[in-house]
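The structure file final_2.tsv is reproduced below (TSV, C-alpha atoms).
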chain	number	residue	atom	x	y	z
A	1	MET	CA	78.31	-78.16	-59.82
A	2	ARG	CA	78.22	-81.81	-60.82
A	3	LEU	CA	75.29	-83.31	-58.93
A	4	LEU	CA	73.92	-86.81	-58.46
A	5	ALA	CA	70.12	-86.79	-58.06
A	6	ALA	CA	68.65	-89.61	-55.98
A	7	MET	CA	65.40	-90.33	-57.84
A	8	SER	CA	62.97	-92.52	-55.92
A	9	GLY	CA	60.28	-92.40	-58.58
A	10	GLY	CA	58.08	-90.05	-56.59
A	11	VAL	CA	57.04	-86.46	-57.20
A	12	ASP	CA	59.43	-84.91	-54.67
A	13	SER	CA	62.64	-86.31	-56.13
A	14	ALA	CA	61.39	-85.62	-59.66
A	15	VAL	CA	60.87	-81.92	-58.95
A	16	ALA	CA	64.11	-81.67	-56.93
A	17	THR	CA	66.00	-83.09	-59.92
A	18	ALA	CA	64.25	-80.73	-62.34
A	19	LEU	CA	65.10	-77.71	-60.19
A	20	ALA	CA	68.75	-78.77	-60.07
A	21	VAL	CA	68.79	-79.00	-63.87
A	22	ASP	CA	67.05	-75.60	-64.16
A	23	ALA	CA	69.75	-74.10	-61.94
A	24	GLY	CA	72.35	-75.02	-64.56
A	25	HIS	CA	74.01	-77.90	-62.74
A	26	ASP	CA	75.41	-80.98	-64.48
A	27	VAL	CA	72.93	-83.56	-63.15
A	28	THR	CA	72.89	-87.36	-63.35
A	29	GLY	CA	69.93	-89.33	-62.02
A	30	VAL	CA	70.22	-92.53	-60.01
A	31	HIS	CA	67.55	-94.85	-58.66
A	32	LEU	CA	68.42	-96.99	-55.64
A	33	ALA	CA	67.41	-100.64	-55.82
A	34	LEU	CA	67.11	-101.47	-52.14
A	35	SER	CA	65.33	-104.82	-52.13
A	36	PRO	CA	66.41	-108.16	-53.61
A	37	ASP	CA	62.76	-108.64	-54.65
A	38	ARG	CA	61.73	-105.21	-55.87
A	39	GLN	CA	58.40	-106.37	-57.30
A	40	THR	CA	57.07	-106.74	-53.75
A	41	LEU	CA	57.83	-103.31	-52.34
A	42	ARG	CA	54.93	-101.23	-53.56
A	43	SER	CA	51.24	-101.71	-52.83
A	44	GLY	CA	49.24	-98.57	-53.50
A	45	ALA	CA	50.90	-95.79	-51.53
A	46	ARG	CA	52.96	-98.17	-49.42
A	47	GLY	CA	56.59	-98.91	-50.00
A	48	CYS	CA	59.00	-97.47	-52.51
A	49	CYS	CA	61.97	-98.46	-54.67
A	50	SER	CA	60.02	-101.00	-56.75
A	51	VAL	CA	60.47	-101.70	-60.45
A	52	GLU	CA	57.45	-99.44	-61.02
A	53	ASP	CA	59.23	-96.63	-59.20
A	54	ALA	CA	62.43	-97.18	-61.20
A	55	HIS	CA	60.43	-96.82	-64.41
A	56	ASP	CA	58.80	-93.62	-63.12
A	57	ALA	CA	62.21	-92.18	-62.25
A	58	ARG	CA	63.65	-93.14	-65.64
A	59	ARG	CA	60.77	-91.42	-67.47
A	60	VAL	CA	61.45	-88.17	-65.60
A	61	ALA	CA	65.18	-88.41	-66.34
A	62	ASP	CA	64.42	-88.97	-70.02
A	63	GLU	CA	62.13	-85.92	-70.08
A	64	LEU	CA	64.87	-83.84	-68.46
A	65	GLY	CA	67.48	-85.21	-70.86
A	66	ILE	CA	69.88	-86.37	-68.15
A	67	PRO	CA	71.82	-89.65	-67.77
A	68	PHE	CA	70.12	-92.22	-65.55
A	69	TYR	CA	71.37	-95.30	-63.72
A	70	VAL	CA	70.10	-97.85	-61.21
A	71	TRP	CA	72.40	-98.64	-58.30
A	72	ASP	CA	71.87	-101.96	-56.53
A	73	LEU	CA	72.31	-101.32	-52.81
A	74	ALA	CA	70.02	-104.13	-51.65
A	75	GLU	CA	72.71	-105.96	-49.67
A	76	ARG	CA	73.83	-102.81	-47.87
A	77	PHE	CA	70.21	-101.76	-47.19
A	78	THR	CA	69.34	-105.18	-45.79
A	79	GLU	CA	72.33	-105.15	-43.46
A	80	ASP	CA	72.24	-101.52	-42.30
A	81	VAL	CA	68.51	-100.86	-42.22
A	82	VAL	CA	66.39	-104.03	-42.24
A	83	GLU	CA	68.58	-106.16	-39.97
A	84	ASP	CA	69.15	-103.18	-37.68
A	85	PHE	CA	65.37	-102.69	-37.49
A	86	VAL	CA	64.80	-106.33	-36.49
A	87	ALA	CA	67.66	-106.31	-33.95
A	88	GLU	CA	66.41	-103.11	-32.31
A	89	TYR	CA	62.88	-104.49	-31.83
A	90	ALA	CA	64.33	-107.74	-30.51
A	91	ALA	CA	66.20	-105.66	-27.91
A	92	GLY	CA	63.00	-103.90	-26.79
A	93	ARG	CA	63.66	-100.66	-28.65
A	94	THR	CA	61.69	-98.73	-31.30
A	95	PRO	CA	63.96	-97.71	-34.21
A	96	ASN	CA	63.28	-95.22	-37.01
A	97	PRO	CA	64.30	-96.94	-40.27
A	98	CYS	CA	63.98	-93.75	-42.36
A	99	LEU	CA	66.56	-92.05	-40.17
A	100	ARG	CA	68.84	-95.07	-40.42
A	101	CYS	CA	68.44	-95.13	-44.21
A	102	ASN	CA	69.47	-91.49	-44.47
A	103	GLU	CA	72.44	-92.08	-42.18
A	104	LYS	CA	73.73	-95.32	-43.66
A	105	ILE	CA	72.50	-95.37	-47.25
A	106	LYS	CA	71.64	-92.04	-48.85
A	107	PHE	CA	74.28	-89.93	-47.12
A	108	ALA	CA	76.93	-92.56	-46.54
A	109	ALA	CA	76.95	-95.30	-49.18
A	110	VAL	CA	75.46	-93.14	-51.95
A	111	LEU	CA	77.33	-89.94	-51.07
A	112	ASP	CA	80.63	-91.79	-50.70
A	113	ARG	CA	80.21	-93.46	-54.09
A	114	ALA	CA	79.06	-90.21	-55.71
A	115	GLN	CA	82.08	-88.28	-54.46
A	116	ALA	CA	84.40	-91.09	-55.52
A	117	LEU	CA	82.94	-90.73	-59.02
A	118	GLY	CA	83.60	-86.99	-59.04
A	119	PHE	CA	80.19	-85.64	-58.07
A	120	ASP	CA	80.12	-82.61	-55.77
A	121	ALA	CA	76.90	-83.42	-53.92
A	122	VAL	CA	73.73	-85.54	-53.83
A	123	VAL	CA	70.33	-83.97	-54.56
A	124	THR	CA	67.29	-85.42	-52.80
A	125	GLY	CA	63.60	-84.56	-52.51
A	126	HIS	CA	63.64	-84.18	-48.74
A	127	HIS	CA	61.53	-81.37	-47.31
A	128	ALA	CA	64.22	-79.53	-45.35
A	129	ARG	CA	66.43	-76.49	-45.90
A	130	LEU	CA	70.14	-75.87	-45.91
A	131	ALA	CA	71.11	-72.28	-45.18
A	132	ASP	CA	74.81	-71.42	-44.90
A	133	GLY	CA	75.50	-75.09	-44.35
A	134	GLN	CA	73.01	-75.32	-41.48
A	135	LEU	CA	70.09	-77.76	-41.50
A	136	ARG	CA	66.69	-76.14	-40.95
A	137	ARG	CA	63.06	-77.18	-41.03
A	138	SER	CA	61.07	-77.00	-44.25
A	139	VAL	CA	58.72	-74.05	-44.67
A	140	ASP	CA	55.96	-76.68	-44.99
A	141	ALA	CA	55.58	-77.79	-41.39
A	142	ALA	CA	53.26	-80.66	-42.35
A	143	LYS	CA	55.92	-82.18	-44.63
A	144	ASP	CA	59.06	-81.22	-42.72
A	145	GLN	CA	61.65	-84.03	-42.74
A	146	SER	CA	64.42	-82.39	-40.74
A	147	TYR	CA	63.79	-84.91	-37.94
A	148	VAL	CA	65.04	-87.85	-40.04
A	149	LEU	CA	67.99	-85.80	-41.33
A	150	ALA	CA	69.27	-84.67	-37.94
A	151	VAL	CA	71.64	-87.65	-37.78
A	152	LEU	CA	73.77	-86.19	-40.60
A	153	THR	CA	77.21	-84.77	-39.87
A	154	PRO	CA	78.50	-81.40	-41.11
A	155	GLY	CA	80.52	-83.23	-43.77
A	156	GLN	CA	77.47	-85.10	-45.02
A	157	LEU	CA	75.37	-81.93	-45.07
A	158	ALA	CA	78.10	-80.24	-47.10
A	159	GLY	CA	77.50	-82.90	-49.74
A	160	ALA	CA	73.70	-82.54	-49.77
A	161	VAL	CA	71.31	-80.37	-51.77
A	162	PHE	CA	67.63	-80.02	-50.73
A	163	PRO	CA	65.83	-77.90	-53.37
A	164	LEU	CA	62.33	-78.34	-51.89
A	165	GLY	CA	62.76	-76.91	-48.41
A	166	SER	CA	61.52	-73.45	-49.31
A	167	MET	CA	58.21	-74.56	-50.85
A	168	THR	CA	55.06	-76.42	-49.85
A	169	LYS	CA	54.14	-79.89	-51.03
A	170	GLN	CA	51.23	-78.37	-52.94
A	171	ARG	CA	53.68	-76.21	-54.89
A	172	VAL	CA	55.85	-79.26	-55.62
A	173	ARG	CA	52.88	-81.01	-57.20
A	174	GLU	CA	51.99	-77.88	-59.16
A	175	ILE	CA	55.51	-77.70	-60.60
A	176	ALA	CA	55.34	-81.39	-61.54
A	177	ALA	CA	51.98	-80.84	-63.27
A	178	GLU	CA	53.26	-77.75	-65.10
A	179	ARG	CA	56.12	-79.82	-66.50
A	180	GLY	CA	53.82	-82.67	-67.47
A	181	PHE	CA	55.40	-85.23	-65.15
A	182	ALA	CA	53.20	-88.33	-64.82
A	183	VAL	CA	54.17	-88.54	-61.14
A	184	ALA	CA	52.49	-85.19	-60.36
A	185	THR	CA	49.53	-86.96	-58.77
A	186	LYS	CA	51.37	-90.08	-57.58
A	187	ALA	CA	50.60	-90.90	-53.97
A	188	ASP	CA	53.35	-90.45	-51.41
A	189	SER	CA	54.91	-93.59	-50.02
A	190	HIS	CA	54.41	-93.99	-46.30
A	191	ASP	CA	55.01	-96.34	-43.41
A	192	ILE	CA	58.03	-98.65	-43.68
A	193	CYS	CA	59.13	-99.32	-47.25
A	194	PHE	CA	60.28	-102.90	-46.62
A	195	ILE	CA	56.96	-103.78	-44.91
A	196	PRO	CA	54.59	-102.91	-47.77
A	197	ASP	CA	51.50	-104.42	-46.13
A	198	GLY	CA	52.00	-102.25	-43.03
A	199	ASP	CA	51.95	-105.26	-40.67
A	200	THR	CA	55.05	-104.59	-38.59
A	201	ARG	CA	54.15	-107.14	-35.93
A	202	GLY	CA	53.63	-109.84	-38.56
A	203	PHE	CA	56.93	-108.98	-40.25
A	204	LEU	CA	58.82	-109.23	-36.96
A	205	ALA	CA	57.05	-112.46	-36.02
A	206	ARG	CA	58.19	-114.04	-39.28
A	207	ARG	CA	61.76	-112.95	-38.60
A	208	LEU	CA	61.95	-113.63	-34.86
A	209	GLY	CA	59.39	-116.38	-34.29
A	210	GLU	CA	57.10	-116.71	-31.28
A	211	GLN	CA	58.64	-115.52	-28.03
A	212	PRO	CA	55.84	-115.70	-25.45
A	213	GLY	CA	55.99	-113.77	-22.23
A	214	PRO	CA	53.86	-112.07	-19.57
A	215	VAL	CA	51.98	-108.79	-19.64
A	216	VAL	CA	52.30	-107.25	-16.18
A	217	ASP	CA	50.27	-104.49	-14.54
A	218	ALA	CA	52.61	-101.81	-13.17
A	219	ALA	CA	50.34	-100.88	-10.26
A	220	THR	CA	49.86	-104.37	-8.83
A	221	GLY	CA	52.72	-106.38	-10.29
A	222	ALA	CA	50.18	-109.00	-11.33
A	223	THR	CA	50.36	-110.86	-14.63
A	224	VAL	CA	47.24	-109.82	-16.55
A	225	GLY	CA	47.91	-111.50	-19.87
A	226	GLU	CA	50.30	-113.25	-22.21
A	227	HIS	CA	51.84	-112.17	-25.51
A	228	SER	CA	53.56	-114.02	-28.36
A	229	GLY	CA	56.46	-111.59	-28.69
A	230	ALA	CA	57.54	-108.43	-26.86
A	231	TYR	CA	58.81	-107.12	-30.21
A	232	GLY	CA	55.16	-106.53	-31.15
A	233	PHE	CA	54.88	-103.66	-28.67
A	234	THR	CA	56.29	-100.18	-28.29
A	235	VAL	CA	56.29	-97.80	-25.33
A	236	GLY	CA	53.17	-95.64	-25.35
A	237	GLN	CA	51.09	-98.17	-27.32
A	238	ARG	CA	47.43	-98.39	-26.34
A	239	ARG	CA	45.72	-100.62	-28.88
A	240	GLY	CA	46.31	-104.30	-29.41
A	241	LEU	CA	47.53	-105.11	-25.90
A	242	GLY	CA	45.41	-108.24	-25.75
A	243	VAL	CA	44.44	-107.83	-22.08
A	244	THR	CA	41.27	-107.02	-20.21
A	245	ALA	CA	41.80	-104.63	-17.32
A	246	GLY	CA	39.80	-104.80	-14.12
A	247	ASP	CA	38.32	-101.36	-14.72
A	248	SER	CA	37.31	-99.18	-17.69
A	249	ARG	CA	40.50	-97.12	-17.78
A	250	PRO	CA	42.68	-97.66	-20.89
A	251	ARG	CA	46.11	-99.21	-20.45
A	252	TYR	CA	49.36	-98.23	-22.18
A	253	VAL	CA	52.71	-99.94	-22.64
A	254	LEU	CA	55.12	-98.49	-20.06
A	255	GLY	CA	58.14	-100.69	-20.61
A	256	ILE	CA	59.55	-103.71	-22.45
A	257	GLU	CA	62.10	-106.05	-20.88
A	258	PRO	CA	63.46	-108.27	-23.69
A	259	VAL	CA	65.41	-110.78	-21.55
A	260	SER	CA	62.40	-111.83	-19.45
A	261	ARG	CA	60.08	-110.93	-22.35
A	262	THR	CA	57.97	-108.87	-19.97
A	263	VAL	CA	55.67	-106.13	-21.23
A	264	THR	CA	54.61	-103.74	-18.48
A	265	ILE	CA	51.39	-101.77	-18.86
A	266	GLY	CA	49.69	-99.07	-16.82
A	267	THR	CA	47.16	-96.27	-16.78
A	268	ALA	CA	47.58	-92.89	-18.45
A	269	ASP	CA	48.78	-91.19	-15.27
A	270	LEU	CA	51.89	-93.43	-15.34
A	271	THR	CA	52.89	-92.71	-18.94
A	272	GLY	CA	54.36	-89.22	-18.63
A	273	VAL	CA	58.12	-88.62	-18.50
A	274	ASP	CA	60.02	-85.38	-17.94
A	275	GLU	CA	63.61	-86.56	-18.32
A	276	VAL	CA	65.27	-88.32	-21.28
A	277	ARG	CA	68.74	-89.82	-21.49
A	278	THR	CA	70.41	-90.35	-24.86
A	279	ALA	CA	73.43	-92.01	-26.40
A	280	PRO	CA	76.35	-89.80	-27.52
A	281	PRO	CA	74.89	-87.23	-29.92
A	282	THR	CA	75.49	-86.40	-33.55
A	283	TRP	CA	75.77	-82.64	-34.11
A	284	THR	CA	74.88	-81.05	-37.46
A	285	GLY	CA	77.45	-78.30	-36.82
A	286	PRO	CA	80.12	-77.55	-34.22
A	287	ALA	CA	79.27	-79.19	-30.90
A	288	PRO	CA	77.53	-76.60	-28.69
A	289	ARG	CA	78.68	-75.85	-25.19
A	290	LEU	CA	76.68	-77.62	-22.48
A	291	PRO	CA	74.45	-76.98	-20.64
A	292	LEU	CA	72.12	-75.34	-23.14
A	293	ARG	CA	68.46	-74.64	-23.64
A	294	ALA	CA	66.80	-76.05	-26.73
A	295	THR	CA	63.58	-77.57	-27.99
A	296	VAL	CA	63.40	-81.30	-28.57
A	297	GLN	CA	61.26	-83.40	-30.90
A	298	LEU	CA	60.94	-86.97	-29.68
A	299	ARG	CA	59.03	-88.55	-32.58
A	300	ALA	CA	58.99	-88.02	-36.33
A	301	HIS	CA	55.66	-86.21	-36.15
A	302	GLY	CA	55.80	-85.08	-32.54
A	303	ALA	CA	55.47	-81.55	-31.26
A	304	PRO	CA	58.69	-79.84	-30.07
A	305	VAL	CA	58.98	-79.20	-26.33
A	306	PRO	CA	61.42	-76.88	-24.52
A	307	CYS	CA	64.17	-78.64	-22.61
A	308	GLU	CA	67.43	-78.12	-20.77
A	309	VAL	CA	70.33	-80.18	-22.13
A	310	THR	CA	73.21	-81.29	-19.94
A	311	ALA	CA	76.02	-83.79	-20.36
A	312	ASP	CA	75.35	-87.33	-19.17
A	313	GLU	CA	77.62	-90.25	-18.37
A	314	GLY	CA	79.23	-92.07	-21.27
A	315	GLY	CA	79.20	-88.99	-23.48
A	316	GLY	CA	75.43	-88.93	-23.82
A	317	LEU	CA	72.88	-86.21	-23.09
A	318	ARG	CA	70.34	-85.69	-20.33
A	319	LEU	CA	67.26	-83.71	-21.36
A	320	ARG	CA	65.02	-82.12	-18.71
A	321	LEU	CA	61.67	-81.50	-20.39
A	322	ALA	CA	59.57	-78.43	-19.62
A	323	ASP	CA	56.37	-80.42	-20.17
A	324	SER	CA	55.73	-84.08	-19.46
A	325	GLN	CA	55.63	-86.27	-22.59
A	326	ARG	CA	54.05	-89.63	-23.35
A	327	GLY	CA	55.24	-92.47	-25.54
A	328	VAL	CA	58.96	-91.76	-25.38
A	329	ALA	CA	60.48	-95.07	-26.44
A	330	PRO	CA	64.11	-96.20	-26.29
A	331	GLY	CA	65.53	-96.36	-29.80
A	332	GLN	CA	63.76	-93.24	-30.99
A	333	SER	CA	65.71	-90.11	-31.87
A	334	ALA	CA	65.63	-87.01	-29.67
A	335	VAL	CA	66.23	-84.20	-32.18
A	336	LEU	CA	67.33	-80.85	-30.79
A	337	TYR	CA	66.40	-77.50	-32.33
A	338	ALA	CA	67.56	-74.01	-31.40
A	339	PRO	CA	65.26	-72.39	-28.80
A	340	ASP	CA	65.25	-68.85	-30.22
A	341	ALA	CA	62.07	-67.57	-31.81
A	342	ASP	CA	64.00	-66.51	-34.91
A	343	ARG	CA	66.13	-69.67	-35.10
A	344	GLY	CA	63.67	-72.30	-33.86
A	345	ASP	CA	63.85	-74.11	-37.17
A	346	LEU	CA	67.61	-74.67	-36.84
A	347	VAL	CA	68.58	-78.31	-36.21
A	348	LEU	CA	71.36	-78.69	-33.65
A	349	GLY	CA	71.68	-82.47	-33.66
A	350	GLN	CA	70.24	-85.62	-32.18
A	351	GLY	CA	70.80	-88.45	-29.74
A	352	THR	CA	69.21	-91.90	-29.65
A	353	VAL	CA	66.95	-92.32	-26.62
A	354	LEU	CA	68.34	-94.78	-24.08
A	355	ALA	CA	65.82	-94.25	-21.29
A	356	ALA	CA	63.08	-91.91	-20.15
A	357	GLY	CA	61.51	-91.34	-16.77
A	358	ARG	CA	60.44	-88.92	-14.14
A	359	VAL	CA	62.74	-86.61	-12.26
A	360	VAL	CA	63.02	-87.61	-8.62
A	361	PRO	CA	62.76	-84.47	-6.44
A	362	ALA	CA	65.89	-83.80	-4.42
So that I can check it, write out the structure of this file as structure tokens.
Amino acid sequence: MRLLAAMSGGVDSAVATALAVDAGHDVTGVHLALSPDRQTLRSGARGCCSVEDAHDARRVADELGIPFYVWDLAERFTEDVVEDFVAEYAAGRTPNPCLRCNEKIKFAAVLDRAQALGFDAVVTGHHARLADGQLRRSVDAAKDQSYVLAVLTPGQLAGAVFPLGSMTKQRVREIAAERGFAVATKADSHDICFIPDGDTRGFLARRLGEQPGPVVDAATGATVGEHSGAYGFTVGQRRGLGVTAGDSRPRYVLGIEPVSRTVTIGTADLTGVDEVRTAPPTWTGPAPRLPLRATVQLRAHGAPVPCEVTADEGGGLRLRLADSQRGVAPGQSAVLYAPDADRGDLVLGQGTVLAAGRVVPA
């Protein structure tokens, strides 16, 4: 196969590329320049896609003896990921930019260009498995990235290669060290790559400006504080609320109303939800027949919970959760996995959370 390897400059993509070469494929490396000011995107382990990372990727490509290019996708990344991120927070939702990057950049813009150039598929260093065309969790549960890949369509998965899904992260680093790659001990990037200092609230404040509004107690309806922007909060948040409650019980964000700029808070007993409604789903294979039983993961690093999935109005899904969950925010992805003990790592698809609440007894 003729493969295009997306090389971020980290250890995962380096080893994924090397394994593709070892397998006898015709491999070309490409580094994605995603920021108009790439010098600013890495600080320690934060960020990615900097000039430093491009140099690291090029060194690996040179050692493997494969062609290497840098593709400038900064304009597309800004529009599809960064601006989407800002707009979602402004609307009171909590987006996942890594999921959006996979959907719009790596497996849309990059895959489309690769196939137009005659490549069969794109190789990445994601920790996930493809078995018979089906997306599954990585064997390394701590590094599994199937959650942020669940938005991919069957056609996109057919053009993807994930060589690392059957090994642990420790083994990836061992392979890199055995081959003498300088990135063998390079720290993983984390948080949001286009917010290298990790200050999401500050980033949004610079983009959206001050938008003051009230902080309201759900139990009494009383205004208990003021904020400078509802975009600085997310459902389930406990710290940084900037209010002093009348008792010692901690308060959590229960809801965000962007039009009135109201942030509603309440005690822990008010945070649980057992029903989630989503937008129309993306399925990683043929659309399953509804209703169905599945397990759902509601955050990138959340624990899966059994649920019953039924059709909802507007083509969306309604998920009845077996166990009450906290911190389910609109804008997050509800990723569905098969419920069977022997297929529980199989990704069925995902839907963006529209709302979450408690089931009202009939």
Nearest to Ala14 in chain A by atom-to-atom distance, counting all atoms listed in the file, from A:Gly221, A:Gly242, A:Gly125, A:Pro97: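 Using all atoms listed in the file, Ala14 in chain A sits closest to A:Gly125.
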Which of A:Phe68, A:Ala6, A:Arg137, A:Thr153 sits closest to Val122 in chain A [using all atoms listed in the file]: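 Looking at the shortest contact to Val122 in chain A, the residue is A:Ala6.
The shortest atom-to-atom distance to Arg173 in chain A, with all atoms listed in the file taken into account, belongs to A:Val11 out of A:Leu348, A:Leu34, A:Cys101, A:Val11.
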query: Any idea what the distance is between CA of Val309 in chain A and CA of Leu292 in chain A?
result: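 These atoms are spaced 5.3 Å apart.
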